[in-house]
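Enquirer: Have a look at this one before I ask anything.
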Amino acid sequence: MAERIRWGIIGAGKIAETFAAGVAASTSGDILAIGSRAAETAGHFGKAFDIPRRYASYEAVLADQDIDAVYISTPHPYHAPWAIRAAEAGKHILCEKPLGINHAEAMAVVEAAMRHDVFLMEGYMYRCHPQIARLVSLLQEGAIGEVRVIQATFAFSLSAGTEHRLRDHALAGGSILDIGGYPTSMARLIAGATTGIPFANPTEVKATGKIGEKSRVDEWTVAALGFESGIVAQLMTGIAVRGDNVVRVYGSEGELLIPAPWTLRGSSRTTEIIVHRHDDEPRIFTVEAPADPWTIEADTVAAHLNDRQAPAMTWDDSLGNMQTLDRWREQIGLVYDQEKLTAKRAPVHGRPLARRDDATMRYGTIAGVSKPVSRLVMGVDNQRTMPHAAVMFDDFFERGGTCFDTAWQYAGGACETILGRWIEQRGVRDEVVILDKGAHTPFCTPADAESQLDQSLERLRTDHVDLYMLHRDNLQVPAGEFIDVLNRMQQDGKLRVFGASNWTIERVEEANQWAAEHGLNGFTMISNNFSLARMVEPPWAGCRSASDPVTRAWLERTHMPIFPWSSQARGFFTGRARPDDFSDAELVRCWYSEDNFQRLERVNQMARERGVPPIAIALAWVLNQPFPTFPLIGPRALSETRTSFQALDIDLTPREVAWLNLEGER
């Protein structure tokens, strides 16, 4: 790395000009290259700012080995793809906000930066300005007492009829993504600062707004945020209405005003924060900035390059902000065409889907299924929107995952529909294994199983599923009647093999004995709960566990594959479970017990010894059984997928498996 950062700029728009001027006054870097889609534009830009290398493509900037870091200033839909490609090229990244057009894309960018070990910061320039540090100190010193209400606005009015990217639906225009992130990030910053943390995410988001009939983007909108601390925030943004563009904070003992919170432009480097305590004269706190805001931003990147993140806007902060913006858009009904279920979308990085070279997945086989079955199975019940699901599924597939678990009843069929669309869009039906389930109580009969599978196949847009499970048992129905209909569906080609979820071992044996006596196929697999933490009570009625010694012995004897649900005990080993924390009622009801906390202690001990997350040790326990296991995982974020995959590299001896389960000493 050179002593001064050698910058490349991707995108030659107005904001890129502002950044270029800022870097020119910087003591930490120089602009080496500008990349534009047009050679003429790159030439004009380069001449204006004395940039020596002027490229007619973004790819050329990333291919330049002399460039250390890139500034991405393309229109919104291209932020995430070029940030990911920059990470893959080993370039450090300052990406204009928003990091992606939604939280899912932002996750993909963060994961790429982590995987390729590069710096990444979202370009909320105002966060780098010393005014923010002064604001935080004033609030934490109690300048206005206990903070209760935040008001923040950022809005302007574009000229009527103006053709502009912010009125372009295809470019993810509108106010929320472009400038609404400023008041959102400010409110989250203040709500966190009052409790001594960098930021706080809202527990509630309510909003209303106006979506233009022609533009189909949000033209003005107001949101109300509620935080766990009791703080509430009122945010306003718009591209067709002028706002006062200030921040006001109301506390128990006074008010605070920031007259210039966002752009901080002008010849003067002095800004003000005005504090007015009750029954006292207003006090003006001046803040002297060392340089232009964009110069400060560039220098902030340089100062934290080796940390890979800057405290001004960390990765978690960006992800929390994007999640809040998603909720704001959801409240007013703004969905971009590229986010819709039927949209033809490529993976965020823009390349065809393919297994990564560094994929670590392990595989097993199921009799009757020709494709390799990944040892980890992606549960799709947490994926309720296409943008989020596509990013999660793409990542799982590229990590080597092949098996996806869904069910007729999940989200009223939405999960099957989303999975089916993703498989069709990616063209990977011959490479993936679909595990589907039907006949859930109260519709748990042979006839229900048959009709539901027909509906599932239609939703999944396929003529068969690879693995089919009865989702529940119905003791009022003889096991043989289920076997009959399952064999008929198998003979019709609607499924390859079948099994039972949440059936007792006795009923499985009864069903398979009946099948053998009648020359039919029986259950090939089961899917009960199986985890290191003992299930104290089932999360849902009719659920069965297979973690007890008797069932484990049966599985070892029969070698029947098990696809365990809640294989990680629904977060018991993530740090959420503590003997003195009863905030999660379901976690307490289903998993809290003295013996489970003893298991947690041993998991934590082994995790420290091996330098891995505790959740990876708990999942490794499931994978290292003396019988075939294909644990279902239900990640809600890419980070959860990443930590789950670490379990694949953990080998446990039989003594360690027993010790973790309190059945012996190491």
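Numbering starts fresh at 1 for the residues of each chain in the structure tokens, the chains themselves are lettered A, B, ... in the order given, and ligands are numbered from 1 as they appear.
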Considering only C-alpha atoms, return as a list in words whatever protein or nucleic-acid residues lie within 10 Å of Pro75 in chain A, sequence-local ones (same chain, fewer than 2 positions apart) excluded.

Expert: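 In the requested form, the answer reads Gly11, Gly13, Ile72, Ser73, Pro77, Tyr78, His79, Glu96, Lys97, Pro98, Arg165, Leu166, Leu171, Ala172, Gly173 and Asp178 of chain A.
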
Enquirer: Excluding same-chain residues fewer than 5 positions from range 623-630 of chain A, what lies within 8 Å of it counting only C-alpha atoms, as a list in words?

Expert: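 The neighbour list is Gly364, Ser374, Arg375, Leu376, Val377, Leu555, Glu556, His559, Met560, Pro561, Ile562, Phe563, Pro564, Ala647, Leu648, Asp651, Leu652, Thr653 and Val657 of chain A.
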
Enquirer: Would you mind listing what lies within 10 Å of Cys543 in chain A as a list in words, with only C-alpha atoms counted and same-chain residues fewer than 4 positions away left out?

Expert: His471, Arg472, Asp473, Ser501, Asn502, Trp503, Thr504, Asn528, Asn529, Glu537, Pro538 and Pro539 of chain A

Enquirer: Restricted to N, CA, C and O atoms, what would the selected residues look like written as a CSV table (one decimal), in the first residue's frame?

Expert:
chain,number,residue,atom,x,y,z
A,471,HIS,N,-45.8,-33.6,7.1
A,471,HIS,CA,-45.4,-32.6,8.0
A,471,HIS,C,-45.8,-33.0,9.5
A,471,HIS,O,-45.1,-32.5,10.4
A,472,ARG,N,-46.9,-33.7,9.6
A,472,ARG,CA,-47.3,-34.1,11.0
A,472,ARG,C,-47.9,-35.5,10.8
A,472,ARG,O,-48.1,-36.0,9.7
A,473,ASP,N,-48.2,-36.1,12.0
A,473,ASP,CA,-48.9,-37.4,12.0
A,473,ASP,C,-50.3,-37.2,12.5
A,473,ASP,O,-50.7,-36.2,13.1
A,501,SER,N,-42.1,-36.4,9.0
A,501,SER,CA,-41.7,-35.3,9.9
A,501,SER,C,-42.6,-35.3,11.2
A,501,SER,O,-43.8,-35.3,11.0
A,502,ASN,N,-42.0,-35.4,12.3
A,502,ASN,CA,-42.7,-35.3,13.6
A,502,ASN,C,-43.6,-36.6,13.8
A,502,ASN,O,-44.7,-36.5,14.4
A,503,TRP,N,-43.1,-37.7,13.4
A,503,TRP,CA,-43.7,-39.0,13.7
A,503,TRP,C,-42.8,-39.7,14.8
A,503,TRP,O,-41.6,-39.5,14.8
A,504,THR,N,-43.5,-40.5,15.6
A,504,THR,CA,-42.7,-41.3,16.6
A,504,THR,C,-42.0,-42.4,15.9
A,504,THR,O,-42.4,-42.8,14.8
A,528,ASN,N,-37.4,-34.9,12.4
A,528,ASN,CA,-37.8,-34.5,13.8
A,528,ASN,C,-36.8,-33.5,14.3
A,528,ASN,O,-35.8,-33.3,13.7
A,529,ASN,N,-37.2,-32.9,15.4
A,529,ASN,CA,-36.2,-32.0,16.1
A,529,ASN,C,-35.0,-32.9,16.5
A,529,ASN,O,-35.1,-34.0,17.0
A,537,GLU,N,-39.9,-28.2,25.7
A,537,GLU,CA,-41.3,-28.3,25.2
A,537,GLU,C,-41.2,-28.0,23.7
A,537,GLU,O,-40.4,-27.2,23.3
A,538,PRO,N,-42.1,-28.6,22.9
A,538,PRO,CA,-42.1,-28.3,21.5
A,538,PRO,C,-42.5,-26.9,21.2
A,538,PRO,O,-43.5,-26.4,21.8
A,539,PRO,N,-41.9,-26.3,20.2
A,539,PRO,CA,-42.3,-24.9,19.8
A,539,PRO,C,-43.8,-24.9,19.3
A,539,PRO,O,-44.5,-23.9,19.5

Enquirer: CA of Asp292 in chain A to CA of Asp317 in chain A: how many Å, to one decimal?

Expert: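 Separation of CA of Asp292 in chain A and CA of Asp317 in chain A: 23.8 Å.
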
Enquirer: Just list as a PDB file with C-alpha atoms, in the first residue's frame whatever in range 379-552 of chain A DSSP marks as alpha helix (DSSP H).

Expert:
ATOM      1  CA  MET A 386     -37.961 -12.103  -3.362  1.00  0.00           C
ATOM      2  CA  PRO A 387     -35.038  -9.664  -2.975  1.00  0.00           C
ATOM      3  CA  HIS A 388     -34.070 -11.128   0.396  1.00  0.00           C
ATOM      4  CA  ALA A 389     -34.681 -14.728  -0.654  1.00  0.00           C
ATOM      5  CA  ALA A 390     -32.678 -14.386  -3.864  1.00  0.00           C
ATOM      6  CA  VAL A 391     -29.631 -13.050  -2.027  1.00  0.00           C
ATOM      7  CA  MET A 392     -29.879 -15.769   0.635  1.00  0.00           C
ATOM      8  CA  PHE A 393     -30.431 -18.589  -1.881  1.00  0.00           C
ATOM      9  CA  ASP A 394     -27.696 -17.346  -4.237  1.00  0.00           C
ATOM     10  CA  ASP A 395     -25.196 -17.283  -1.389  1.00  0.00           C
ATOM     11  CA  PHE A 396     -26.188 -20.759  -0.166  1.00  0.00           C
ATOM     12  CA  PHE A 397     -25.921 -22.205  -3.669  1.00  0.00           C
ATOM     13  CA  GLU A 398     -22.567 -20.551  -4.338  1.00  0.00           C
ATOM     14  CA  ALA A 414     -45.518 -17.720  -0.480  1.00  0.00           C
ATOM     15  CA  CYS A 415     -42.308 -19.535   0.469  1.00  0.00           C
ATOM     16  CA  GLU A 416     -42.865 -22.282  -2.098  1.00  0.00           C
ATOM     17  CA  THR A 417     -43.738 -19.666  -4.707  1.00  0.00           C
ATOM     18  CA  ILE A 418     -40.587 -17.634  -4.053  1.00  0.00           C
ATOM     19  CA  LEU A 419     -38.362 -20.725  -4.069  1.00  0.00           C
ATOM     20  CA  GLY A 420     -39.932 -21.926  -7.315  1.00  0.00           C
ATOM     21  CA  ARG A 421     -39.414 -18.579  -9.014  1.00  0.00           C
ATOM     22  CA  TRP A 422     -35.799 -18.426  -7.865  1.00  0.00           C
ATOM     23  CA  ILE A 423     -35.059 -21.932  -9.166  1.00  0.00           C
ATOM     24  CA  GLU A 424     -36.678 -21.108 -12.497  1.00  0.00           C
ATOM     25  CA  GLN A 425     -34.921 -17.747 -12.857  1.00  0.00           C
ATOM     26  CA  ARG A 426     -31.535 -19.248 -12.042  1.00  0.00           C
ATOM     27  CA  PRO A 446     -53.869 -38.976   2.901  1.00  0.00           C
ATOM     28  CA  ALA A 447     -56.241 -36.961   0.687  1.00  0.00           C
ATOM     29  CA  ASP A 448     -54.788 -33.686   1.976  1.00  0.00           C
ATOM     30  CA  ALA A 449     -51.267 -34.898   1.270  1.00  0.00           C
ATOM     31  CA  GLU A 450     -52.166 -35.624  -2.342  1.00  0.00           C
ATOM     32  CA  SER A 451     -54.049 -32.388  -3.048  1.00  0.00           C
ATOM     33  CA  GLN A 452     -51.459 -30.270  -1.271  1.00  0.00           C
ATOM     34  CA  LEU A 453     -48.569 -31.771  -3.214  1.00  0.00           C
ATOM     35  CA  ASP A 454     -50.331 -30.870  -6.465  1.00  0.00           C
ATOM     36  CA  GLN A 455     -50.610 -27.269  -5.239  1.00  0.00           C
ATOM     37  CA  SER A 456     -46.995 -27.296  -4.086  1.00  0.00           C
ATOM     38  CA  LEU A 457     -45.754 -28.481  -7.467  1.00  0.00           C
ATOM     39  CA  GLU A 458     -47.655 -25.668  -9.150  1.00  0.00           C
ATOM     40  CA  ARG A 459     -46.158 -23.093  -6.790  1.00  0.00           C
ATOM     41  CA  LEU A 460     -42.680 -24.566  -7.151  1.00  0.00           C
ATOM     42  CA  ALA A 479     -50.170 -45.698   8.859  1.00  0.00           C
ATOM     43  CA  GLY A 480     -50.826 -47.900   5.841  1.00  0.00           C
ATOM     44  CA  GLU A 481     -53.252 -45.399   4.342  1.00  0.00           C
ATOM     45  CA  PHE A 482     -50.496 -42.777   4.271  1.00  0.00           C
ATOM     46  CA  ILE A 483     -48.100 -45.288   2.725  1.00  0.00           C
ATOM     47  CA  ASP A 484     -50.633 -46.074  -0.009  1.00  0.00           C
ATOM     48  CA  VAL A 485     -51.047 -42.478  -1.149  1.00  0.00           C
ATOM     49  CA  LEU A 486     -47.321 -41.748  -0.916  1.00  0.00           C
ATOM     50  CA  ASN A 487     -46.547 -44.713  -3.150  1.00  0.00           C
ATOM     51  CA  ARG A 488     -49.182 -43.603  -5.639  1.00  0.00           C
ATOM     52  CA  MET A 489     -47.669 -40.121  -5.822  1.00  0.00           C
ATOM     53  CA  GLN A 490     -44.241 -41.687  -6.193  1.00  0.00           C
ATOM     54  CA  GLN A 491     -45.429 -43.899  -9.046  1.00  0.00           C
ATOM     55  CA  ILE A 505     -40.276 -44.046  15.875  1.00  0.00           C
ATOM     56  CA  GLU A 506     -43.029 -46.542  16.689  1.00  0.00           C
ATOM     57  CA  ARG A 507     -45.295 -45.107  13.997  1.00  0.00           C
ATOM     58  CA  VAL A 508     -42.430 -45.016  11.477  1.00  0.00           C
ATOM     59  CA  GLU A 509     -41.740 -48.690  12.149  1.00  0.00           C
ATOM     60  CA  GLU A 510     -45.435 -49.490  11.870  1.00  0.00           C
ATOM     61  CA  ALA A 511     -45.638 -47.728   8.507  1.00  0.00           C
ATOM     62  CA  ASN A 512     -42.532 -49.397   7.116  1.00  0.00           C
ATOM     63  CA  GLN A 513     -43.634 -52.834   8.302  1.00  0.00           C
ATOM     64  CA  TRP A 514     -46.983 -52.345   6.561  1.00  0.00           C
ATOM     65  CA  ALA A 515     -45.157 -51.234   3.400  1.00  0.00           C
ATOM     66  CA  ALA A 516     -42.926 -54.308   3.448  1.00  0.00           C
ATOM     67  CA  GLU A 517     -45.884 -56.626   3.925  1.00  0.00           C
ATOM     68  CA  PRO A 549     -30.704 -41.779  23.789  1.00  0.00           C
ATOM     69  CA  VAL A 550     -33.271 -44.364  22.654  1.00  0.00           C
ATOM     70  CA  THR A 551     -34.012 -42.604  19.368  1.00  0.00           C
ATOM     71  CA  ARG A 552     -30.342 -41.925  18.727  1.00  0.00           C
TER      72      ARG A 552
END

Enquirer: Set the distance at 10 Å and use only C-alpha atoms: which residues neighbour Trp82 in chain A once local chain neighbours fewer than 4 positions away are removed? I'd like the list as a PyMOL selection string.

Expert: chain A and resi 10+58-59+62+70+72-74+77-78+86-88+93+95+109+348-350

Enquirer: Any chance you could list, as a PyMOL selection string, the residues in range 185-415 of chain A that come up strand (DSSP E) when DSSP is run on the backbone?

Expert: chain A and resi 204-211+218-226+232-238+247-251+254-258+270-277+283-288+363-364+373-374+377-379+403-405

Enquirer: Skip Ala16 in chain A itself and residues of its chain fewer than 2 positions away, then list as a PyMOL selection string all residues within 12 Å of it, counting only C-alpha atoms.

Expert: chain A and resi 7-14+18-23+31+34-36+42+45-46+48-49+70-75+94-96+123+294

Enquirer: Restricting the calculation to only C-alpha atoms: of A:His116, A:Arg608, A:His440, A:Arg134, which residue gets closest to Thr271 in chain A?

Expert: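 Once distances to Thr271 in chain A are computed over only C-alpha atoms, the minimum belongs to A:Arg134.
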
Enquirer: I'd like a table as JSON lines: residues in range 119-182 of chain A with an atom no more than 10 Å from range 324-346 of chain A, each row giving the shortest atom pair and its distance in Å to one decimal, only C-alpha atoms counted, sorted by chain and rising residue number.

Expert:
{"residue": "A:His169", "atom": "CA", "partner": "A:Tyr336", "partner_atom": "CA", "distance": 6.7}
{"residue": "A:Ala170", "atom": "CA", "partner": "A:Asp337", "partner_atom": "CA", "distance": 7.2}
{"residue": "A:Leu171", "atom": "CA", "partner": "A:Tyr336", "partner_atom": "CA", "distance": 8.9}
{"residue": "A:Ala172", "atom": "CA", "partner": "A:Tyr336", "partner_atom": "CA", "distance": 6.5}
{"residue": "A:Gly173", "atom": "CA", "partner": "A:Tyr336", "partner_atom": "CA", "distance": 9.0}
{"residue": "A:Gly174", "atom": "CA", "partner": "A:Leu334", "partner_atom": "CA", "distance": 9.5}
{"residue": "A:Ile176", "atom": "CA", "partner": "A:Leu325", "partner_atom": "CA", "distance": 6.8}
{"residue": "A:Leu177", "atom": "CA", "partner": "A:Leu325", "partner_atom": "CA", "distance": 7.1}
{"residue": "A:Gly180", "atom": "CA", "partner": "A:Leu325", "partner_atom": "CA", "distance": 7.7}
{"residue": "A:Gly181", "atom": "CA", "partner": "A:Leu325", "partner_atom": "CA", "distance": 6.9}

Enquirer: Would you output that residue set with C-alpha atoms, as a short mmCIF file (atom, residue, chain, number, x, y, z; two decimals), in the first residue's frame?

Expert:
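See again_23.cif below for the written result:
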data_model
loop_
_atom_site.label_atom_id
_atom_site.label_comp_id
_atom_site.auth_asym_id
_atom_site.auth_seq_id
_atom_site.Cartn_x
_atom_site.Cartn_y
_atom_site.Cartn_z
CA HIS A 169 -38.34 4.28 -11.11
CA ALA A 170 -35.87 2.10 -13.03
CA LEU A 171 -33.00 3.86 -11.25
CA ALA A 172 -34.57 3.29 -7.81
CA GLY A 173 -35.45 6.96 -7.56
CA GLY A 174 -37.44 8.77 -4.93
CA ILE A 176 -36.31 7.62 0.81
CA LEU A 177 -33.28 5.93 -0.73
CA GLY A 180 -34.25 9.71 3.57
CA GLY A 181 -31.30 7.71 4.83
#

Enquirer: Please provide the set of residues having any atom within 9 Å of Ile274 in chain A, restricted to only C-alpha atoms, with same-chain residues fewer than 5 positions apart removed, written as a list in words.

Expert: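 After dropping sequence-adjacent residues, the list is Glu255, Leu256, Leu257, Ile258, Pro259, Pro282, Arg283, Ile284, Phe285 and Thr286 of chain A.
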
Enquirer: Write the residues of the selection above to a file with N, CA and C atoms, as a PDB file, in the first residue's frame.

Expert:
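Final file, again32.pdb:
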ATOM      1  N   GLU A 255     -34.168  21.629  24.585  1.00  0.00           N
ATOM      2  CA  GLU A 255     -34.155  21.231  23.188  1.00  0.00           C
ATOM      3  C   GLU A 255     -32.786  21.514  22.578  1.00  0.00           C
ATOM      4  N   LEU A 256     -32.499  20.777  21.506  1.00  0.00           N
ATOM      5  CA  LEU A 256     -31.232  20.937  20.785  1.00  0.00           C
ATOM      6  C   LEU A 256     -31.549  21.085  19.307  1.00  0.00           C
ATOM      7  N   LEU A 257     -30.866  21.987  18.647  1.00  0.00           N
ATOM      8  CA  LEU A 257     -31.076  22.235  17.222  1.00  0.00           C
ATOM      9  C   LEU A 257     -29.746  22.146  16.483  1.00  0.00           C
ATOM     10  N   ILE A 258     -29.765  21.412  15.356  1.00  0.00           N
ATOM     11  CA  ILE A 258     -28.624  21.401  14.434  1.00  0.00           C
ATOM     12  C   ILE A 258     -29.098  22.077  13.153  1.00  0.00           C
ATOM     13  N   PRO A 259     -28.694  23.307  12.913  1.00  0.00           N
ATOM     14  CA  PRO A 259     -29.194  24.039  11.743  1.00  0.00           C
ATOM     15  C   PRO A 259     -28.697  23.489  10.405  1.00  0.00           C
ATOM     16  N   PRO A 282     -30.531  30.343  25.238  1.00  0.00           N
ATOM     17  CA  PRO A 282     -29.902  29.372  24.335  1.00  0.00           C
ATOM     18  C   PRO A 282     -28.380  29.509  24.353  1.00  0.00           C
ATOM     19  N   ARG A 283     -27.709  28.371  24.240  1.00  0.00           N
ATOM     20  CA  ARG A 283     -26.251  28.356  24.145  1.00  0.00           C
ATOM     21  C   ARG A 283     -25.859  27.823  22.776  1.00  0.00           C
ATOM     22  N   ILE A 284     -24.886  28.482  22.171  1.00  0.00           N
ATOM     23  CA  ILE A 284     -24.419  28.067  20.852  1.00  0.00           C
ATOM     24  C   ILE A 284     -23.048  27.411  20.996  1.00  0.00           C
ATOM     25  N   PHE A 285     -22.976  26.176  20.553  1.00  0.00           N
ATOM     26  CA  PHE A 285     -21.713  25.437  20.575  1.00  0.00           C
ATOM     27  C   PHE A 285     -21.178  25.409  19.136  1.00  0.00           C
ATOM     28  N   THR A 286     -20.054  26.019  18.917  1.00  0.00           N
ATOM     29  CA  THR A 286     -19.462  26.036  17.580  1.00  0.00           C
ATOM     30  C   THR A 286     -18.518  24.854  17.401  1.00  0.00           C
TER      31      THR A 286
END

Enquirer: What separation in Å, quoted to one decimal, exists between CA of Ile231 in chain A and CA of Ile150 in chain A?

Expert: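 Going from CA of Ile231 in chain A over to CA of Ile150 in chain A covers 7.7 Å.
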
Enquirer: List as a list of chain:residue names the protein and nucleic acid residues near Gly634 in chain A, meaning an atom at most 8 Å away when only C-alpha atoms are counted, but skip any in the same chain fewer than 4 places from it.

Expert: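 Result of the neighbour search: A:Met378, A:Gly379, A:Val380, A:Asp381, A:Asn382.
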
Enquirer: Find, counting only C-alpha atoms, the residue in A:Ala33, A:Leu619, A:Met469, A:Ala303 that gets nearest to Ala500 in chain A.

Expert: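 Closest to Ala500 in chain A, using only C-alpha atoms: A:Met469.
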
Enquirer: Here is a test: counting only C-alpha atoms, which residue of A:Met107, A:Ile239, A:Cys444, A:Val287 is nearest to His164 in chain A?

Expert: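 The answer is A:Ile239, which sits nearest to His164 in chain A.
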
Enquirer: Nearest to Arg115 in chain A: which of A:Asp168, A:Trp408, A:Ile84, A:Asp595 is it, counting only C-alpha atoms?

Expert: A:Ile84
